[in-house]
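Novice: Please see the structure below; I have some questions.
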Amino acid sequence: MGVFDYKSMKGEHAKALLNNALVLSEYAYDSTGKPLATGGWAPIGAQALGVTQKVDTQGTFWGETALAPSANVEILGQYDGGGRLIAMGIAFRGTSFGLTWDGAGDVASDLAAAALPGYAANYAKFAFSALLENVARYAASQGLSGKDVLVTGHSLGALGANSVATLSHDHWGGFYQDANYVTFASPTQRSGDAQVLNIGYENDPVFKAIDGKGINTSALFWGNDRGWDSAANNLVIFTDNYASFSAHLPNTLNWGVAKAHSLSGYIEGLGRIASSEFYDLTSKDSTIVVSSLTEAARETTWVEDLNRYAEKHTGNTFILGTEGNDLLKGGAGNDFLEGGGGNDRFRDDGGYNILLGGQGDNVFELHKPLASFGFANDGDGTLYINDAYGGISMTRDIGALVSQEKSYILWNSVPWSTYNVTGQGLLAGTALTPYTASANGDAQDNILTAHAAGEWLFGLGGDDHLIGGQGNNVFVGGEGNDLMVSGGGSNTFLFNGLFGNDRIEGYQGSDKLVFMGIPDLGQQYDYRSHVSMFEDNALLSFGDNSVTLVGVNMTELNGTGIYIS
């Protein structure tokens, strides 16, 4: 699963479609002879399409009627290595704000879409009815069907793409009803529709500004606050403006929101999301915050989920840094933080979290004394940090921890202590704080036994047999089909990623079951969506991965000790 999944396209296939849509949308704004960046795309000329009117010397097609005279669209073909046409693209241009006839015409179209009932839905027909007929005929002559056509655009251009989708069943012989539609910053959305993937930022004042009946004033003045099932609803581009006081002003008084609407902002942010190691953990309604701070602002501004402009966020939060030095901060819930390049600093306020430092010298700030935390190292590059409230953070590529230690001199500021992460423990000068005792496996099948309360058991790869001690152990089976046996007490069983098909013997109500970073989870955080009975055992299933609680009836589970993030 991923935030850009569309129809049956998932993973790399969905990312490729997204990239093509971005490339075509960018070309629609500037088609003055520049080559397309990727994908084997090239413009298809008016002569090939049999069009003789409303086309300029650059090959751009203009609106065919007085209802949308300044509309622009590009028609492109995608070719394989042998020069065979394998797909076509229809890329609508967005609003031109220049003080020209073209710009005035686009603004008039924007106003008409907001004020005139039916204008937005019929925009493509007003602008390009004949051209779209010719494109359909040409595509069919080349052996292509509607499934081979990508319709896209940004802003007003996205409105045009949505209009084609709306009209596709009853116009142009139904050719476009099976086309692919991926748009950016579209002011219009359609409810109950999976035909279009509308992608936009919450802090983009244009995204969702027209709701089909008129102007959505809340979106236009304060940012979108309404979820649509055809849209990615919780994406934030974290700009200098978004972090500032200006973000509290109505958008009509806050011109700094313009970056959140720019196509360059979409290319930057969406590319970062698509390349994230967390991508497969996201879904269409995931809260994803992407840093787009200037270099100066990155030195002092923490990137976090401020939850501005929108209804209250729920579920996991993904916070993605840049290739520079970032300050990334999670909240009290379950967070996924990714630094990328640069020397990054991280904070978090609790929950079950995964932190990926990335390249550079990365630091995790602990805003309590070191003694408030427990630390375990699996020997395979992951440091586990267990806070005093039971939350766990899995961290990778974190080179140092800093903690706030108590000061007994009232007029001194609270001192920070730095601890370097080593294979043996946390090193501050010459003082070593050892990790919590653990038994660590490897890629083979291992039998691991805890010899003391509080010990961690790391199976890593293979089909492992983990045996608890006197209690309060933490079991991390890793990949493979593992058997975990409780030795009593209150234990934590932690499952991450594709963890296999595991069994737990001796599970009791005081134990915790923690599921972190499970692909294809979507927004299904309620354990009742995953539990069933198998023979006489409760079974928790997550796609092809599962945990069997041997001898436990599902009625014995109440969810208070089951955490899904």
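Chain labels follow the order of the structure tokens: the first chain is A, the next B, and so on; residue numbering restarts at 1 in every chain, and ligands are counted from 1 in their shown order.
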DSSP says strand (DSSP E or B) for which residues of segment 376-505 of chain A? Put them as a count of residues only?
Specialist: 60
Novice: Excluding segment 12-17 of chain A and any residue of its chain fewer than 2 positions from it, enumerate the residues within 12 Å of it, using only C-alpha atoms, and give them as a PyMOL selection string.
Specialist: chain A and resi 1-10+19-24+38-39+87+89+148-152+180-183+197+270-276+279-280
Novice: Please produce a file of the residues just selected, as a PDB file, in the first residue's frame, where the atoms kept are C-alpha atoms.
Specialist:
```
ATOM      1  CA  MET A   1       0.000   0.000   0.000  1.00  0.00           C
ATOM      2  CA  GLY A   2       1.114   3.578  -0.581  1.00  0.00           C
ATOM      3  CA  VAL A   3      -0.330   7.072  -0.597  1.00  0.00           C
ATOM      4  CA  PHE A   4      -0.146   7.215  -4.403  1.00  0.00           C
ATOM      5  CA  ASP A   5      -1.690   3.799  -5.067  1.00  0.00           C
ATOM      6  CA  TYR A   6      -4.205   4.111  -7.871  1.00  0.00           C
ATOM      7  CA  LYS A   7      -6.571   1.519  -9.303  1.00  0.00           C
ATOM      8  CA  SER A   8      -4.524  -1.701  -9.406  1.00  0.00           C
ATOM      9  CA  MET A   9      -1.216   0.189  -9.539  1.00  0.00           C
ATOM     10  CA  LYS A  10       0.829  -0.074  -6.363  1.00  0.00           C
ATOM     11  CA  ASN A  19       6.345  10.693 -11.960  1.00  0.00           C
ATOM     12  CA  ASN A  20       4.875  10.695 -15.465  1.00  0.00           C
ATOM     13  CA  ALA A  21       2.032  12.938 -14.316  1.00  0.00           C
ATOM     14  CA  LEU A  22       4.505  15.397 -12.753  1.00  0.00           C
ATOM     15  CA  VAL A  23       6.675  15.428 -15.864  1.00  0.00           C
ATOM     16  CA  LEU A  24       3.693  16.088 -18.130  1.00  0.00           C
ATOM     17  CA  THR A  38      12.105  11.284 -18.474  1.00  0.00           C
ATOM     18  CA  GLY A  39       9.987   8.396 -19.600  1.00  0.00           C
ATOM     19  CA  ALA A  87       0.944   5.444 -24.145  1.00  0.00           C
ATOM     20  CA  GLY A  89      -0.622  11.900 -22.165  1.00  0.00           C
ATOM     21  CA  ASP A 148      -3.183   3.690 -22.177  1.00  0.00           C
ATOM     22  CA  VAL A 149      -3.966   7.385 -21.667  1.00  0.00           C
ATOM     23  CA  LEU A 150      -2.835   9.521 -18.698  1.00  0.00           C
ATOM     24  CA  VAL A 151      -4.785  12.753 -18.093  1.00  0.00           C
ATOM     25  CA  THR A 152      -3.164  15.228 -15.735  1.00  0.00           C
ATOM     26  CA  ASN A 180      -5.801   7.206 -15.809  1.00  0.00           C
ATOM     27  CA  TYR A 181      -6.305  10.517 -14.009  1.00  0.00           C
ATOM     28  CA  VAL A 182      -3.646  11.911 -11.641  1.00  0.00           C
ATOM     29  CA  THR A 183      -3.883  15.598 -10.739  1.00  0.00           C
ATOM     30  CA  LEU A 197      -6.325  10.489  -7.864  1.00  0.00           C
ATOM     31  CA  LEU A 270       5.887  14.334  -3.718  1.00  0.00           C
ATOM     32  CA  GLY A 271       9.224  13.095  -5.002  1.00  0.00           C
ATOM     33  CA  ARG A 272      10.471  12.948  -1.415  1.00  0.00           C
ATOM     34  CA  ILE A 273       7.413  10.979  -0.319  1.00  0.00           C
ATOM     35  CA  ALA A 274       7.761   8.514  -3.184  1.00  0.00           C
ATOM     36  CA  SER A 275      11.437   7.878  -2.390  1.00  0.00           C
ATOM     37  CA  SER A 276      10.916   7.508   1.367  1.00  0.00           C
ATOM     38  CA  TYR A 279       6.402   4.752   1.481  1.00  0.00           C
ATOM     39  CA  ASP A 280       4.887   1.268   1.731  1.00  0.00           C
TER      40      ASP A 280
END
```
Novice: Hey, which of A:Gly11, A:Gly551, A:Pro369, A:Gly500 ends up closest to Ala538 of chain A? Count only C-alpha atoms.
Specialist: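 Once distances to Ala538 of chain A are computed over only C-alpha atoms, the minimum belongs to A:Gly551.
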Novice: Quick one: residues within 9 Å of Lys54 of chain A, only C-alpha atoms, excluding same-chain residues fewer than 4 positions away - as a list in words?
Specialist: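 The filter keeps Thr60, Phe61, Trp62, Gly63 and Glu64 of chain A.
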Novice: Produce a file of the selected residues containing N, CA, C and O atoms, as a PDB file, in the first residue's frame.
Specialist:
```pdb
ATOM      1  N   THR A  60       1.162  23.897 -28.931  1.00  0.00           N
ATOM      2  CA  THR A  60       0.211  23.918 -27.816  1.00  0.00           C
ATOM      3  C   THR A  60      -1.190  24.165 -28.357  1.00  0.00           C
ATOM      4  O   THR A  60      -1.400  25.033 -29.213  1.00  0.00           O
ATOM      5  N   PHE A  61      -2.153  23.438 -27.829  1.00  0.00           N
ATOM      6  CA  PHE A  61      -3.543  23.575 -28.263  1.00  0.00           C
ATOM      7  C   PHE A  61      -4.269  24.552 -27.341  1.00  0.00           C
ATOM      8  O   PHE A  61      -4.120  24.501 -26.112  1.00  0.00           O
ATOM      9  N   TRP A  62      -5.084  25.444 -27.952  1.00  0.00           N
ATOM     10  CA  TRP A  62      -5.795  26.478 -27.215  1.00  0.00           C
ATOM     11  C   TRP A  62      -7.290  26.188 -27.226  1.00  0.00           C
ATOM     12  O   TRP A  62      -7.802  25.437 -28.056  1.00  0.00           O
ATOM     13  N   GLY A  63      -7.990  26.830 -26.281  1.00  0.00           N
ATOM     14  CA  GLY A  63      -9.419  26.614 -26.129  1.00  0.00           C
ATOM     15  C   GLY A  63     -10.200  26.862 -27.407  1.00  0.00           C
ATOM     16  O   GLY A  63      -9.919  27.803 -28.150  1.00  0.00           O
ATOM     17  N   GLU A  64     -11.188  26.053 -27.642  1.00  0.00           N
ATOM     18  CA  GLU A  64     -11.918  26.063 -28.911  1.00  0.00           C
ATOM     19  C   GLU A  64     -13.145  26.981 -28.901  1.00  0.00           C
ATOM     20  O   GLU A  64     -13.675  27.299 -29.966  1.00  0.00           O
TER      21      GLU A  64
END
```
Novice: If you run DSSP over the backbone, which residues in segment 101-317 of chain A end up alpha helix (DSSP H)? Put them as a PyMOL selection string.
Specialist: chain A and resi 101-115+119-141+156-167+217-222+240-243+258-261+263-275+295-298
Novice: Can I get the selection written as a short mmCIF file (atom, residue, chain, number, x, y, z; two decimals), in the first residue's frame, with C-alpha atoms?
Specialist:
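Contents of result.cif, as written:
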```cif
data_model
loop_
_atom_site.label_atom_id
_atom_site.label_comp_id
_atom_site.auth_asym_id
_atom_site.auth_seq_id
_atom_site.Cartn_x
_atom_site.Cartn_y
_atom_site.Cartn_z
CA TRP A 101 -5.04 38.27 -22.44
CA ASP A 102 -4.04 34.69 -21.67
CA GLY A 103 -3.75 35.36 -17.94
CA ALA A 104 -7.02 37.29 -17.82
CA GLY A 105 -8.78 34.46 -19.61
CA ASP A 106 -7.51 31.89 -17.12
CA VAL A 107 -8.59 34.00 -14.15
CA ALA A 108 -12.01 34.37 -15.78
CA SER A 109 -12.21 30.58 -16.07
CA ASP A 110 -11.26 30.22 -12.40
CA LEU A 111 -14.01 32.63 -11.38
CA ALA A 112 -16.54 30.95 -13.66
CA ALA A 113 -15.69 27.54 -12.19
CA ALA A 114 -16.37 28.92 -8.71
CA ALA A 115 -19.50 30.94 -9.52
CA TYR A 119 -18.89 25.24 -15.54
CA ALA A 120 -16.15 23.29 -13.75
CA ALA A 121 -17.67 19.92 -14.68
CA ASN A 122 -17.98 20.92 -18.35
CA TYR A 123 -14.71 22.86 -18.67
CA ALA A 124 -13.01 20.22 -20.85
CA LYS A 125 -15.98 20.15 -23.21
CA PHE A 126 -16.02 23.94 -23.51
CA ALA A 127 -12.28 24.03 -24.15
CA PHE A 128 -11.34 20.93 -26.14
CA SER A 129 -14.34 18.89 -27.25
CA ALA A 130 -13.14 18.49 -30.84
CA LEU A 131 -9.48 17.96 -29.90
CA LEU A 132 -10.32 15.21 -27.43
CA GLU A 133 -12.33 13.47 -30.14
CA ASN A 134 -9.32 13.61 -32.46
CA VAL A 135 -6.97 12.34 -29.73
CA ALA A 136 -9.26 9.37 -29.05
CA ARG A 137 -9.40 8.57 -32.76
CA TYR A 138 -5.61 8.82 -33.12
CA ALA A 139 -4.95 6.65 -30.07
CA ALA A 140 -7.29 3.94 -31.36
CA SER A 141 -5.57 4.04 -34.77
CA LEU A 156 -6.84 24.93 -13.26
CA GLY A 157 -5.25 22.19 -15.36
CA ALA A 158 -6.21 19.67 -12.68
CA LEU A 159 -9.77 20.99 -12.87
CA GLY A 160 -9.62 20.25 -16.60
CA ALA A 161 -8.50 16.68 -15.98
CA ASN A 162 -11.29 16.18 -13.45
CA SER A 163 -13.72 17.55 -16.02
CA VAL A 164 -12.63 14.94 -18.59
CA ALA A 165 -13.24 12.24 -15.99
CA THR A 166 -16.70 13.63 -15.21
CA LEU A 167 -17.66 13.69 -18.89
CA THR A 217 -14.70 29.35 1.73
CA SER A 218 -13.06 27.37 4.52
CA ALA A 219 -10.54 25.88 2.11
CA LEU A 220 -9.99 29.14 0.27
CA PHE A 221 -9.41 31.25 3.37
CA TRP A 222 -7.97 28.79 5.91
CA ASP A 240 8.79 28.85 6.32
CA ASN A 241 5.33 30.35 6.03
CA TYR A 242 3.58 27.29 7.46
CA ALA A 243 5.78 27.49 10.57
CA ALA A 258 1.85 30.49 -2.67
CA LYS A 259 4.73 28.02 -2.37
CA ALA A 260 2.31 25.37 -1.12
CA HIS A 261 0.40 25.74 -4.39
CA LEU A 263 4.01 22.97 -9.05
CA SER A 264 7.67 23.10 -8.05
CA GLY A 265 6.56 22.54 -4.45
CA TYR A 266 4.61 19.48 -5.57
CA ILE A 267 7.52 18.09 -7.58
CA GLU A 268 9.86 18.53 -4.60
CA GLY A 269 7.57 17.19 -1.89
CA LEU A 270 5.89 14.33 -3.72
CA GLY A 271 9.22 13.10 -5.00
CA ARG A 272 10.47 12.95 -1.42
CA ILE A 273 7.41 10.98 -0.32
CA ALA A 274 7.76 8.51 -3.18
CA SER A 275 11.44 7.88 -2.39
CA GLU A 295 18.36 26.62 4.61
CA ALA A 296 18.31 29.46 7.15
CA ALA A 297 14.99 28.35 8.67
CA ARG A 298 16.16 24.72 8.94
#
```
Novice: Near His154 of chain A, counting only C-alpha atoms, which residues have an atom at most 6 Å away, once you skip same-chain residues fewer than 5 positions from it, shown as a VMD selection string?
Specialist: chain A and resid 94 184 to 185
Novice: Just checking: using only C-alpha atoms, which residue out of A:Gly342, A:Gly143, A:Gly358, A:Gly351 ends up closest to Gly315 of chain A?
Specialist: A:Gly351
Novice: Could you jot down the atom CA of Ala231 of chain A to atom CA of Thr317 of chain A separation for me, Å, one decimal place?
Specialist: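 For atom CA of Ala231 of chain A relative to atom CA of Thr317 of chain A, the distance reads 17.6 Å.
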Novice: Which neighbours of Gly487 of chain A fall inside 9 Å, counting only C-alpha atoms, when residues of the same chain fewer than 2 positions from it are skipped, and could you give them as a list in words?
Specialist: Ala450, Ile467, Gly468, Gly469, Gln470, Gly471, Asn472, Asn473, Val485, Gly489, Asn491 and Gly506 of chain A
Novice: Those selected residues, please, written with all heavy atoms and delivered as a PDB file, in the first residue's frame.
Specialist:
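File out_29.pdb, as written:
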```
ATOM      1  N   ALA A 450      16.150 -16.040  27.885  1.00  0.00           N
ATOM      2  CA  ALA A 450      16.395 -14.933  28.806  1.00  0.00           C
ATOM      3  C   ALA A 450      16.757 -15.490  30.170  1.00  0.00           C
ATOM      4  O   ALA A 450      16.111 -16.417  30.669  1.00  0.00           O
ATOM      5  CB  ALA A 450      15.144 -14.065  28.912  1.00  0.00           C
ATOM      6  N   ILE A 467      12.750 -17.926  24.433  1.00  0.00           N
ATOM      7  CA  ILE A 467      12.232 -18.433  25.703  1.00  0.00           C
ATOM      8  C   ILE A 467      12.447 -17.372  26.785  1.00  0.00           C
ATOM      9  O   ILE A 467      13.581 -16.986  27.071  1.00  0.00           O
ATOM     10  CB  ILE A 467      12.937 -19.744  26.107  1.00  0.00           C
ATOM     11  CG1 ILE A 467      12.811 -20.785  24.978  1.00  0.00           C
ATOM     12  CG2 ILE A 467      12.356 -20.290  27.404  1.00  0.00           C
ATOM     13  CD1 ILE A 467      13.690 -21.999  25.166  1.00  0.00           C
ATOM     14  N   GLY A 468      11.360 -16.900  27.372  1.00  0.00           N
ATOM     15  CA  GLY A 468      11.448 -15.865  28.381  1.00  0.00           C
ATOM     16  C   GLY A 468      11.936 -16.387  29.712  1.00  0.00           C
ATOM     17  O   GLY A 468      11.930 -17.591  29.986  1.00  0.00           O
ATOM     18  N   GLY A 469      12.354 -15.452  30.575  1.00  0.00           N
ATOM     19  CA  GLY A 469      12.832 -15.802  31.906  1.00  0.00           C
ATOM     20  C   GLY A 469      11.782 -15.527  32.964  1.00  0.00           C
ATOM     21  O   GLY A 469      10.638 -15.946  32.840  1.00  0.00           O
ATOM     22  N   GLN A 470      12.164 -14.769  33.991  1.00  0.00           N
ATOM     23  CA  GLN A 470      11.266 -14.527  35.121  1.00  0.00           C
ATOM     24  C   GLN A 470      10.234 -13.443  34.833  1.00  0.00           C
ATOM     25  O   GLN A 470       9.429 -13.124  35.694  1.00  0.00           O
ATOM     26  CB  GLN A 470      12.100 -14.138  36.340  1.00  0.00           C
ATOM     27  CG  GLN A 470      13.001 -15.244  36.841  1.00  0.00           C
ATOM     28  CD  GLN A 470      12.204 -16.497  37.210  1.00  0.00           C
ATOM     29  OE1 GLN A 470      11.223 -16.408  37.954  1.00  0.00           O
ATOM     30  NE2 GLN A 470      12.617 -17.637  36.694  1.00  0.00           N
ATOM     31  N   GLY A 471      10.250 -12.887  33.672  1.00  0.00           N
ATOM     32  CA  GLY A 471       9.216 -11.931  33.315  1.00  0.00           C
ATOM     33  C   GLY A 471       9.756 -10.588  32.904  1.00  0.00           C
ATOM     34  O   GLY A 471      10.954 -10.295  33.006  1.00  0.00           O
ATOM     35  N   ASN A 472       8.844  -9.749  32.409  1.00  0.00           N
ATOM     36  CA  ASN A 472       9.158  -8.404  31.931  1.00  0.00           C
ATOM     37  C   ASN A 472      10.234  -8.434  30.852  1.00  0.00           C
ATOM     38  O   ASN A 472      11.080  -7.542  30.779  1.00  0.00           O
ATOM     39  CB  ASN A 472       9.599  -7.493  33.079  1.00  0.00           C
ATOM     40  CG  ASN A 472       8.538  -7.345  34.149  1.00  0.00           C
ATOM     41  OD1 ASN A 472       7.357  -7.657  33.911  1.00  0.00           O
ATOM     42  ND2 ASN A 472       8.929  -6.894  35.316  1.00  0.00           N
ATOM     43  N   ASN A 473      10.196  -9.467  30.042  1.00  0.00           N
ATOM     44  CA  ASN A 473      11.114  -9.552  28.905  1.00  0.00           C
ATOM     45  C   ASN A 473      10.488  -8.898  27.679  1.00  0.00           C
ATOM     46  O   ASN A 473       9.277  -8.735  27.586  1.00  0.00           O
ATOM     47  CB  ASN A 473      11.449 -11.009  28.582  1.00  0.00           C
ATOM     48  CG  ASN A 473      12.149 -11.709  29.727  1.00  0.00           C
ATOM     49  OD1 ASN A 473      11.692 -12.750  30.186  1.00  0.00           O
ATOM     50  ND2 ASN A 473      13.253 -11.145  30.212  1.00  0.00           N
ATOM     51  N   VAL A 485       7.981 -18.053  23.895  1.00  0.00           N
ATOM     52  CA  VAL A 485       7.417 -18.702  25.076  1.00  0.00           C
ATOM     53  C   VAL A 485       7.611 -17.796  26.281  1.00  0.00           C
ATOM     54  O   VAL A 485       8.746 -17.466  26.655  1.00  0.00           O
ATOM     55  CB  VAL A 485       8.079 -20.069  25.319  1.00  0.00           C
ATOM     56  CG1 VAL A 485       7.458 -20.738  26.543  1.00  0.00           C
ATOM     57  CG2 VAL A 485       7.938 -20.966  24.086  1.00  0.00           C
ATOM     58  N   GLY A 489       5.320 -13.087  34.312  1.00  0.00           N
ATOM     59  CA  GLY A 489       5.479 -11.646  34.427  1.00  0.00           C
ATOM     60  C   GLY A 489       4.733 -10.906  33.331  1.00  0.00           C
ATOM     61  O   GLY A 489       3.825 -11.434  32.696  1.00  0.00           O
ATOM     62  N   ASN A 491       5.243  -9.137  29.813  1.00  0.00           N
ATOM     63  CA  ASN A 491       6.193  -9.123  28.707  1.00  0.00           C
ATOM     64  C   ASN A 491       5.700  -8.235  27.572  1.00  0.00           C
ATOM     65  O   ASN A 491       4.509  -7.938  27.460  1.00  0.00           O
ATOM     66  CB  ASN A 491       6.411 -10.539  28.176  1.00  0.00           C
ATOM     67  CG  ASN A 491       6.901 -11.479  29.253  1.00  0.00           C
ATOM     68  OD1 ASN A 491       8.031 -11.371  29.721  1.00  0.00           O
ATOM     69  ND2 ASN A 491       6.028 -12.395  29.680  1.00  0.00           N
ATOM     70  N   GLY A 506       1.846 -18.972  26.334  1.00  0.00           N
ATOM     71  CA  GLY A 506       1.865 -18.375  27.660  1.00  0.00           C
ATOM     72  C   GLY A 506       1.439 -16.926  27.694  1.00  0.00           C
ATOM     73  O   GLY A 506       1.655 -16.234  28.693  1.00  0.00           O
TER      74      GLY A 506
END
```
Novice: Using atom CA of Tyr527 of chain A and atom CA of Leu281 of chain A as the two end points, give the distance in Å to one decimal.
Specialist: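 According to the coordinates, atom CA of Tyr527 of chain A and atom CA of Leu281 of chain A are separated by 17.1 Å.
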Novice: So the first atom is atom CA of Phe318 of chain A and the second is atom CA of Leu355 of chain A; what is the distance between them in Å, to one decimal place?
Specialist: 10.1 Å
Novice: Which residues are close to segment 514-519 of chain A, i.e. within 7 Å by only C-alpha atoms, leaving aside same-chain residues fewer than 2 positions away? Reply as a list in words.
Specialist: Met1, Asp280, Leu281, Phe493, Leu494, Phe495, Asn496, Gly497, Leu498, Lys512, Leu521, Ile562, Tyr563, Ile564 and Ser565 of chain A
Novice: Output all heavy atoms for every residue in that selection, as a tab-separated table (two decimals), in the first residue's frame.
Specialist:
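The resulting file, selection.tsv, is shown below:
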```tsv
chain	number	residue	atom	x	y	z
A	1	MET	N	0.84	-1.18	0.00
A	1	MET	CA	0.00	0.00	0.00
A	1	MET	C	0.88	1.23	0.00
A	1	MET	O	1.99	1.23	0.51
A	1	MET	CB	-0.92	0.00	1.23
A	1	MET	CG	-1.94	1.12	1.27
A	1	MET	SD	-3.04	1.00	2.70
A	1	MET	CE	-3.96	-0.48	2.26
A	280	ASP	N	5.82	2.40	1.71
A	280	ASP	CA	4.89	1.27	1.73
A	280	ASP	C	4.04	1.22	3.00
A	280	ASP	O	3.10	0.42	3.09
A	280	ASP	CB	5.65	-0.05	1.58
A	280	ASP	CG	6.21	-0.23	0.18
A	280	ASP	OD1	5.68	0.39	-0.76
A	280	ASP	OD2	7.20	-0.97	0.02
A	281	LEU	N	4.36	2.06	3.98
A	281	LEU	CA	3.58	2.11	5.20
A	281	LEU	C	2.48	3.16	5.11
A	281	LEU	O	1.62	3.24	5.99
A	281	LEU	CB	4.47	2.44	6.40
A	281	LEU	CG	5.68	1.52	6.62
A	281	LEU	CD1	6.43	1.96	7.87
A	281	LEU	CD2	5.26	0.07	6.73
A	493	PHE	N	5.84	-8.16	23.38
A	493	PHE	CA	6.14	-8.88	22.13
A	493	PHE	C	6.05	-7.85	21.00
A	493	PHE	O	4.99	-7.31	20.73
A	493	PHE	CB	5.15	-10.01	21.91
A	493	PHE	CG	5.15	-11.05	23.01
A	493	PHE	CD1	4.32	-10.91	24.12
A	493	PHE	CD2	5.98	-12.15	22.94
A	493	PHE	CE1	4.32	-11.85	25.14
A	493	PHE	CE2	5.99	-13.10	23.95
A	493	PHE	CZ	5.16	-12.95	25.06
A	494	LEU	N	7.19	-7.59	20.36
A	494	LEU	CA	7.26	-6.53	19.37
A	494	LEU	C	7.45	-7.14	17.98
A	494	LEU	O	8.35	-7.96	17.77
A	494	LEU	CB	8.41	-5.59	19.69
A	494	LEU	CG	8.49	-4.26	18.92
A	494	LEU	CD1	9.24	-3.21	19.74
A	494	LEU	CD2	9.19	-4.42	17.57
A	495	PHE	N	6.62	-6.69	17.04
A	495	PHE	CA	6.64	-7.18	15.66
A	495	PHE	C	6.80	-6.00	14.72
A	495	PHE	O	6.07	-5.01	14.82
A	495	PHE	CB	5.36	-7.95	15.35
A	495	PHE	CG	5.05	-9.03	16.35
A	495	PHE	CD1	4.27	-8.76	17.47
A	495	PHE	CD2	5.56	-10.31	16.18
A	495	PHE	CE1	3.99	-9.74	18.40
A	495	PHE	CE2	5.29	-11.30	17.11
A	495	PHE	CZ	4.51	-11.02	18.23
A	496	ASN	N	7.75	-6.11	13.81
A	496	ASN	CA	8.05	-4.99	12.91
A	496	ASN	C	8.12	-5.47	11.47
A	496	ASN	O	8.72	-6.52	11.18
A	496	ASN	CB	9.37	-4.34	13.31
A	496	ASN	CG	9.89	-3.36	12.27
A	496	ASN	OD1	10.94	-3.55	11.67
A	496	ASN	ND2	9.12	-2.31	12.02
A	497	GLY	N	7.51	-4.70	10.57
A	497	GLY	CA	7.62	-4.99	9.14
A	497	GLY	C	7.00	-6.31	8.76
A	497	GLY	O	5.94	-6.70	9.25
A	498	LEU	N	7.66	-7.02	7.86
A	498	LEU	CA	7.20	-8.35	7.42
A	498	LEU	C	7.80	-9.37	8.37
A	498	LEU	O	8.89	-9.89	8.16
A	498	LEU	CB	7.62	-8.60	5.97
A	498	LEU	CG	7.10	-7.57	4.95
A	498	LEU	CD1	7.67	-7.84	3.57
A	498	LEU	CD2	5.58	-7.58	4.91
A	512	LYS	N	2.02	-7.06	26.53
A	512	LYS	CA	1.79	-6.12	25.44
A	512	LYS	C	2.11	-6.78	24.10
A	512	LYS	O	3.10	-7.51	23.98
A	512	LYS	CB	2.69	-4.89	25.57
A	512	LYS	CG	2.33	-3.91	26.64
A	512	LYS	CD	3.29	-2.73	26.54
A	512	LYS	CE	3.09	-1.72	27.64
A	512	LYS	NZ	4.05	-0.59	27.51
A	521	LEU	N	-1.09	-1.63	6.12
A	521	LEU	CA	-1.98	-1.47	7.27
A	521	LEU	C	-3.06	-0.43	7.00
A	521	LEU	O	-4.20	-0.57	7.46
A	521	LEU	CB	-1.15	-1.06	8.50
A	521	LEU	CG	-1.90	-0.88	9.81
A	521	LEU	CD1	-2.46	-2.21	10.29
A	521	LEU	CD2	-0.98	-0.29	10.88
A	562	ILE	N	-2.76	-3.96	23.23
A	562	ILE	CA	-2.40	-4.20	21.83
A	562	ILE	C	-2.20	-2.85	21.15
A	562	ILE	O	-3.11	-2.01	21.12
A	562	ILE	CB	-3.48	-5.01	21.10
A	562	ILE	CG1	-3.72	-6.34	21.82
A	562	ILE	CG2	-3.09	-5.25	19.65
A	562	ILE	CD1	-4.85	-7.17	21.23
A	563	TYR	N	-1.00	-2.62	20.62
A	563	TYR	CA	-0.65	-1.34	20.02
A	563	TYR	C	-0.27	-1.58	18.56
A	563	TYR	O	0.61	-2.37	18.25
A	563	TYR	CB	0.51	-0.70	20.76
A	563	TYR	CG	0.22	-0.49	22.23
A	563	TYR	CD1	0.50	-1.50	23.16
A	563	TYR	CD2	-0.34	0.69	22.69
A	563	TYR	CE1	0.23	-1.32	24.51
A	563	TYR	CE2	-0.61	0.88	24.04
A	563	TYR	CZ	-0.33	-0.14	24.95
A	563	TYR	OH	-0.61	0.03	26.27
A	564	ILE	N	-0.96	-0.89	17.66
A	564	ILE	CA	-0.73	-1.05	16.23
A	564	ILE	C	-0.37	0.31	15.66
A	564	ILE	O	-1.12	1.27	15.79
A	564	ILE	CB	-1.98	-1.61	15.52
A	564	ILE	CG1	-2.38	-2.96	16.13
A	564	ILE	CG2	-1.73	-1.75	14.03
A	564	ILE	CD1	-3.68	-3.51	15.61
A	565	SER	N	0.81	0.40	15.06
A	565	SER	CA	1.25	1.70	14.51
A	565	SER	C	1.86	1.52	13.13
A	565	SER	O	2.33	0.45	12.79
A	565	SER	CB	2.27	2.35	15.45
A	565	SER	OG	3.47	1.63	15.49
```
